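Visitor: Sharing a structure below in structure tokens format, with a few things to ask.
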Amino acid sequence: MSNYYGKFYGYTGLFPILDNNESHNHLTELRSLLSTLPDSEGSLFSRSGLVHGARFFILDDVVYNGHPTPEEHLKNAYLVLSMTFDGELEQLAQRISALGESDWDKVMAHCHSVSDTKRPHEVVLEQLRKGQVTTSFLYVDADKNLESTLKSLLLQRKVADLIANAQGASTIERKTLVKELAEQIKQCEIPTPGGFISN
Amino acid sequence: MIYALIYVNFAIKFRVSLKNIGLIPRAQHYIVQSVVDPSREVSQMSNIRGKAYAMNVITPQKRWKSIILNAAFKLLTIRFTQKDLRDLSFIHFARWTIIPANGFPKFSGQKNIDRTRFDYLLFESNFNGSWNEYVDAFNAALAFKLNLVWYWSENFPGSRPLSPFKAYIEHNQKYNDYYYMAYPGSTVSDVKNAISVAEEFDILARHVDKSDEDFDDAYLRFLGNLQNKIGSNGGPGPQMS
């Protein structure tokens, strides 16, 4: 299926935004909400531990490209969600439901949604499935899952330190440095997704 | 199939040439002025997160052309056809989604359902560098593939010359309202290098319990293999536009 590239899943979903009423201008409120939604460590997608990249944008209308193409317009505005993540949609829905439900609910409160008579993660999954449009072609320039990628990025800077410290050292000292670093990497916490990893 | 693709590429170049000398009238580009939304200033900045830029472009295409484009995408799933994309090494992920004319999702409670005249090709990309660098690089290295994908979109001017192509992309671009990146301070090359470092370190760590001579050889190989892969990264990077 085109939604997949190796072990990566490319999801694209369109969620029709609720019509405005006397008390709510859903389009403006949604834009405002998205502009303040946390996008770094601890954010909705960061907490899932699976998402490499995600975006929301509002498709308020299609673009007219001029004569001779006839002009047309959408009847609904859509919230478009695009994500690239590890694993399957069901697993992501469970993580969003368990770890990011309040942020997810705030965003989806401005969109048409599915019945909420089911359990929370089933609601999230059904919402994702109902809004999904099948990807025609996905390309990912990566090989490892998120956890391995973040661990590798952390190890990279520690290896640079090791090489600096090992200059002029004896073989035994170098062996000790390598052993210590290997042990350190086994024990250390994986950097939180979404943040800048500083020196 | 190959001959068909070569024909398409020639057709675009020839058609563009006829436009340039006035034999085929240029499409009247109609710039839609959006009502200024105060939050849009913030939204435009949401295209960038650290060293990553997220771009969305949506273009209309006639429904029968989607069949041909889907066939082209099937061809592009063959890995060796992606070599030039990999060699560019600045695209984290990219995808194309054809939204069929009757394929806009429908939820209960919606008063109006969208059934459009055209299919819509939605292109989404995460890459490193600025918008201009990205479009320039694509244009320079992947002109044929750009034509192969966007030839079917209405009023596509061709990937060369560059200026009309950039104008077309900009005209059809939708800005993000929110953008998340799991490793915003690392480029595609940084990630690839980090993974190499991890693999090489694993190999080195396995030599710790071997003889000093074996370890020294392994350590020299380790240094040689990593000399251009341990540059620092992880910070926000330069300001981009």
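Please note that chains go A, B, ... in the order of the structure tokens, that every chain numbers its residues from 1, and that ligands are numbered from 1 in the order shown.
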Counting only C-alpha atoms, what is within 12 Å of A:Pro193, bar same-chain residues fewer than 5 positions away, as a ChimeraX atom specification?
Guide: /A:39-53,145-151,153-154 /B:180-186,234
Visitor: Store the residues picked out above, limited to C-alpha atoms, as a PDB file, in the first residue's frame.
Guide:
```
ATOM      1  CA  ASP A  39       5.276  21.926  19.049  1.00  0.00           C
ATOM      2  CA  SER A  40       8.389  20.820  20.908  1.00  0.00           C
ATOM      3  CA  GLU A  41       9.216  18.357  23.716  1.00  0.00           C
ATOM      4  CA  GLY A  42       6.147  17.194  25.551  1.00  0.00           C
ATOM      5  CA  SER A  43       3.756  18.209  22.785  1.00  0.00           C
ATOM      6  CA  LEU A  44       0.966  16.020  21.446  1.00  0.00           C
ATOM      7  CA  PHE A  45       3.069  14.251  18.824  1.00  0.00           C
ATOM      8  CA  SER A  46       6.197  14.222  20.963  1.00  0.00           C
ATOM      9  CA  ARG A  47       4.387  12.248  23.661  1.00  0.00           C
ATOM     10  CA  SER A  48       3.355   9.579  21.190  1.00  0.00           C
ATOM     11  CA  GLY A  49       7.000   8.536  20.803  1.00  0.00           C
ATOM     12  CA  LEU A  50       6.291   7.381  17.254  1.00  0.00           C
ATOM     13  CA  VAL A  51       5.928  10.482  15.109  1.00  0.00           C
ATOM     14  CA  HIS A  52       8.887  11.723  13.076  1.00  0.00           C
ATOM     15  CA  GLY A  53       7.068  14.711  11.618  1.00  0.00           C
ATOM     16  CA  ASN A 145      12.692   4.150  13.898  1.00  0.00           C
ATOM     17  CA  LEU A 146      12.356   7.237  16.070  1.00  0.00           C
ATOM     18  CA  GLU A 147      13.897   5.735  19.191  1.00  0.00           C
ATOM     19  CA  SER A 148      16.985   4.500  17.346  1.00  0.00           C
ATOM     20  CA  THR A 149      17.357   7.797  15.529  1.00  0.00           C
ATOM     21  CA  LEU A 150      17.263   9.858  18.714  1.00  0.00           C
ATOM     22  CA  LYS A 151      19.642   7.492  20.486  1.00  0.00           C
ATOM     23  CA  LEU A 153      21.968  11.496  17.606  1.00  0.00           C
ATOM     24  CA  LEU A 154      22.800  11.474  21.312  1.00  0.00           C
TER      25      LEU A 154
ATOM     26  CA  TYR B 180       6.191  19.371  14.580  1.00  0.00           C
ATOM     27  CA  MET B 181       9.540  17.708  13.921  1.00  0.00           C
ATOM     28  CA  ALA B 182      10.959  15.040  16.237  1.00  0.00           C
ATOM     29  CA  TYR B 183      14.587  16.084  15.647  1.00  0.00           C
ATOM     30  CA  PRO B 184      14.383  19.679  14.513  1.00  0.00           C
ATOM     31  CA  GLY B 185      18.062  20.434  15.046  1.00  0.00           C
ATOM     32  CA  SER B 186      19.290  17.661  12.764  1.00  0.00           C
ATOM     33  CA  GLY B 234      21.116  19.520  17.251  1.00  0.00           C
TER      34      GLY B 234
END
```
Visitor: Taking 3 positions as the minimum chain separation for residues in the same chain, which residues sit within 8 Å of stretch 78-85 of chain A when counting only C-alpha atoms? Answer as a VMD selection string.
Guide: (chain A and resid 8 to 17 50 to 60 111) or (chain B and resid 93)
Visitor: Kindly export the residues of the current selection with C-alpha atoms, as a PDB file, in the first residue's frame.
Guide:
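To be explicit, this is the file written out as result.pdb:
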```pdb
ATOM      1  CA  PHE A   8       7.228   4.099   8.018  1.00  0.00           C
ATOM      2  CA  TYR A   9       3.591   5.061   7.724  1.00  0.00           C
ATOM      3  CA  GLY A  10       2.570   8.218   5.888  1.00  0.00           C
ATOM      4  CA  TYR A  11      -0.842   9.454   6.984  1.00  0.00           C
ATOM      5  CA  THR A  12      -2.833  12.247   5.356  1.00  0.00           C
ATOM      6  CA  GLY A  13      -6.250  13.143   6.706  1.00  0.00           C
ATOM      7  CA  LEU A  14      -8.807  15.820   5.899  1.00  0.00           C
ATOM      8  CA  PHE A  15     -11.303  16.794   8.598  1.00  0.00           C
ATOM      9  CA  PRO A  16     -14.151  19.117   7.609  1.00  0.00           C
ATOM     10  CA  ILE A  17     -14.281  22.111   9.929  1.00  0.00           C
ATOM     11  CA  LEU A  50       6.291   7.381  17.254  1.00  0.00           C
ATOM     12  CA  VAL A  51       5.928  10.482  15.109  1.00  0.00           C
ATOM     13  CA  HIS A  52       8.887  11.723  13.076  1.00  0.00           C
ATOM     14  CA  GLY A  53       7.068  14.711  11.618  1.00  0.00           C
ATOM     15  CA  ALA A  54       3.535  16.114  11.665  1.00  0.00           C
ATOM     16  CA  ARG A  55       1.720  19.198  10.481  1.00  0.00           C
ATOM     17  CA  PHE A  56      -1.677  20.761  10.516  1.00  0.00           C
ATOM     18  CA  PHE A  57      -2.791  23.223   7.899  1.00  0.00           C
ATOM     19  CA  ILE A  58      -6.175  24.592   6.984  1.00  0.00           C
ATOM     20  CA  LEU A  59      -7.412  24.048   3.454  1.00  0.00           C
ATOM     21  CA  ASP A  60     -10.025  26.778   3.294  1.00  0.00           C
ATOM     22  CA  CYS A 111     -14.173  19.607  13.196  1.00  0.00           C
TER      23      CYS A 111
ATOM     24  CA  PHE B  93       9.979  12.864   3.859  1.00  0.00           C
TER      25      PHE B  93
END
```
Visitor: For the alpha helix (DSSP H) assignment from backbone DSSP, which residues of chain A qualify? Please present them as JSON, numbers by chain.
Guide: {"A": [26, 27, 28, 29, 30, 31, 32, 33, 34, 35, 36, 44, 45, 46, 47, 48, 89, 90, 91, 92, 93, 94, 95, 96, 97, 98, 99, 101, 102, 103, 104, 105, 106, 107, 108, 120, 121, 122, 123, 124, 125, 126, 127, 128, 129, 130, 131, 146, 147, 148, 149, 150, 151, 152, 153, 154, 155, 156, 157, 158, 159, 160, 161, 162, 163, 164, 165, 171, 172, 173, 174, 175, 176, 177, 178, 179, 180, 181, 182, 183, 184, 185, 186, 187]}
Visitor: Give me, please, the distance in Å between atom CA of A:Val62 and atom CA of B:His171, quoted to one decimal.
Guide: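 Here the two named atoms are 11.0 Å from each other.
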Visitor: If we count only C-alpha atoms and set the cut-off at 6 Å, which residues sit around stretch 57-64 of chain B, ignoring sequence neighbours fewer than 3 positions away in its own chain? Please answer as a list in words.
Guide: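 Residues near the query, excluding close chain neighbours: Ile67, Phe118, Asp119, Tyr120, Leu121, Leu122, Phe123, Trp152, Ser153, Glu154, Asn172, Gln173 and Lys174 of chain B.
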Visitor: Can you list, as a list in words, every protein, DNA or RNA residue that comes within 10 Å of A:Gln184 when you count only C-alpha atoms, leaving out same-chain residues fewer than 6 positions away?
Guide: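 Selected residues are Leu155, Lys158 and Val178 of chain A.
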Visitor: If I take atom CA of A:Val123 and atom CA of A:Leu18, how far is one from the other in Å, to one decimal?
Guide: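 Atom CA of A:Val123 sits 17.9 Å away from atom CA of A:Leu18.
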Visitor: So which one's closest to A:His121, A:Ala93, A:Leu177, A:Ala166, A:Val63? Using only C-alpha atoms, please.
Guide: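 Once distances to A:His121 are computed over only C-alpha atoms, the minimum belongs to A:Ala93.
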Visitor: Pull out every residue of chain B sitting within 7 Å of chain A, counting only C-alpha atoms, and send them as a ChimeraX atom specification.
Guide: /B:27-30,39,42-43,70,73,86,91-99,105,107,112,114,154-155,172,175-185,191,194-195,197-198,205,208,212,216,230,232,234-236
Visitor: Quick check for you: according to DSSP on this backbone, which residues of stretch 65-177 of chain A are classed as strand (DSSP E or B)? Reply as a short mmCIF file (atom, residue, chain, number, x, y, z; two decimals) with N, CA and C atoms, in the first residue's frame.
Guide:
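What follows is the written file states18.cif:
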```cif
data_model
loop_
_atom_site.label_atom_id
_atom_site.label_comp_id
_atom_site.auth_asym_id
_atom_site.auth_seq_id
_atom_site.Cartn_x
_atom_site.Cartn_y
_atom_site.Cartn_z
N TYR A 78 -11.25 22.48 5.40
CA TYR A 78 -10.75 21.25 5.99
C TYR A 78 -9.52 21.51 6.82
N LEU A 79 -9.43 20.78 7.91
CA LEU A 79 -8.18 20.72 8.66
C LEU A 79 -7.41 19.53 8.09
N VAL A 80 -6.24 19.78 7.58
CA VAL A 80 -5.43 18.71 7.00
C VAL A 80 -4.36 18.31 8.01
N LEU A 81 -4.29 17.03 8.26
CA LEU A 81 -3.26 16.49 9.16
C LEU A 81 -2.38 15.55 8.36
N SER A 82 -1.09 15.76 8.46
CA SER A 82 -0.15 14.89 7.77
C SER A 82 0.90 14.44 8.77
N MET A 83 1.16 13.14 8.81
CA MET A 83 2.14 12.60 9.79
C MET A 83 2.97 11.52 9.13
N THR A 84 4.21 11.42 9.57
CA THR A 84 5.06 10.27 9.21
C THR A 84 5.48 9.65 10.53
N PHE A 85 5.16 8.37 10.70
CA PHE A 85 5.43 7.75 12.00
C PHE A 85 5.81 6.29 11.83
N ASP A 86 6.25 5.70 12.96
CA ASP A 86 6.62 4.29 12.97
C ASP A 86 5.38 3.46 13.28
N CYS A 111 -13.93 20.37 14.44
CA CYS A 111 -14.17 19.61 13.20
C CYS A 111 -15.34 18.65 13.39
N GLN A 132 -9.08 9.85 6.50
CA GLN A 132 -7.87 9.49 5.77
C GLN A 132 -8.06 9.50 4.27
N PHE A 137 2.09 8.30 -3.18
CA PHE A 137 3.51 7.95 -3.18
C PHE A 137 4.17 8.60 -1.99
N LEU A 138 4.84 7.78 -1.20
CA LEU A 138 5.54 8.26 -0.01
C LEU A 138 7.03 7.99 -0.17
N TYR A 139 7.82 8.98 0.20
CA TYR A 139 9.27 8.81 0.18
C TYR A 139 9.82 9.23 1.54
N VAL A 140 10.67 8.39 2.13
CA VAL A 140 11.28 8.72 3.43
C VAL A 140 12.77 8.44 3.31
#
```
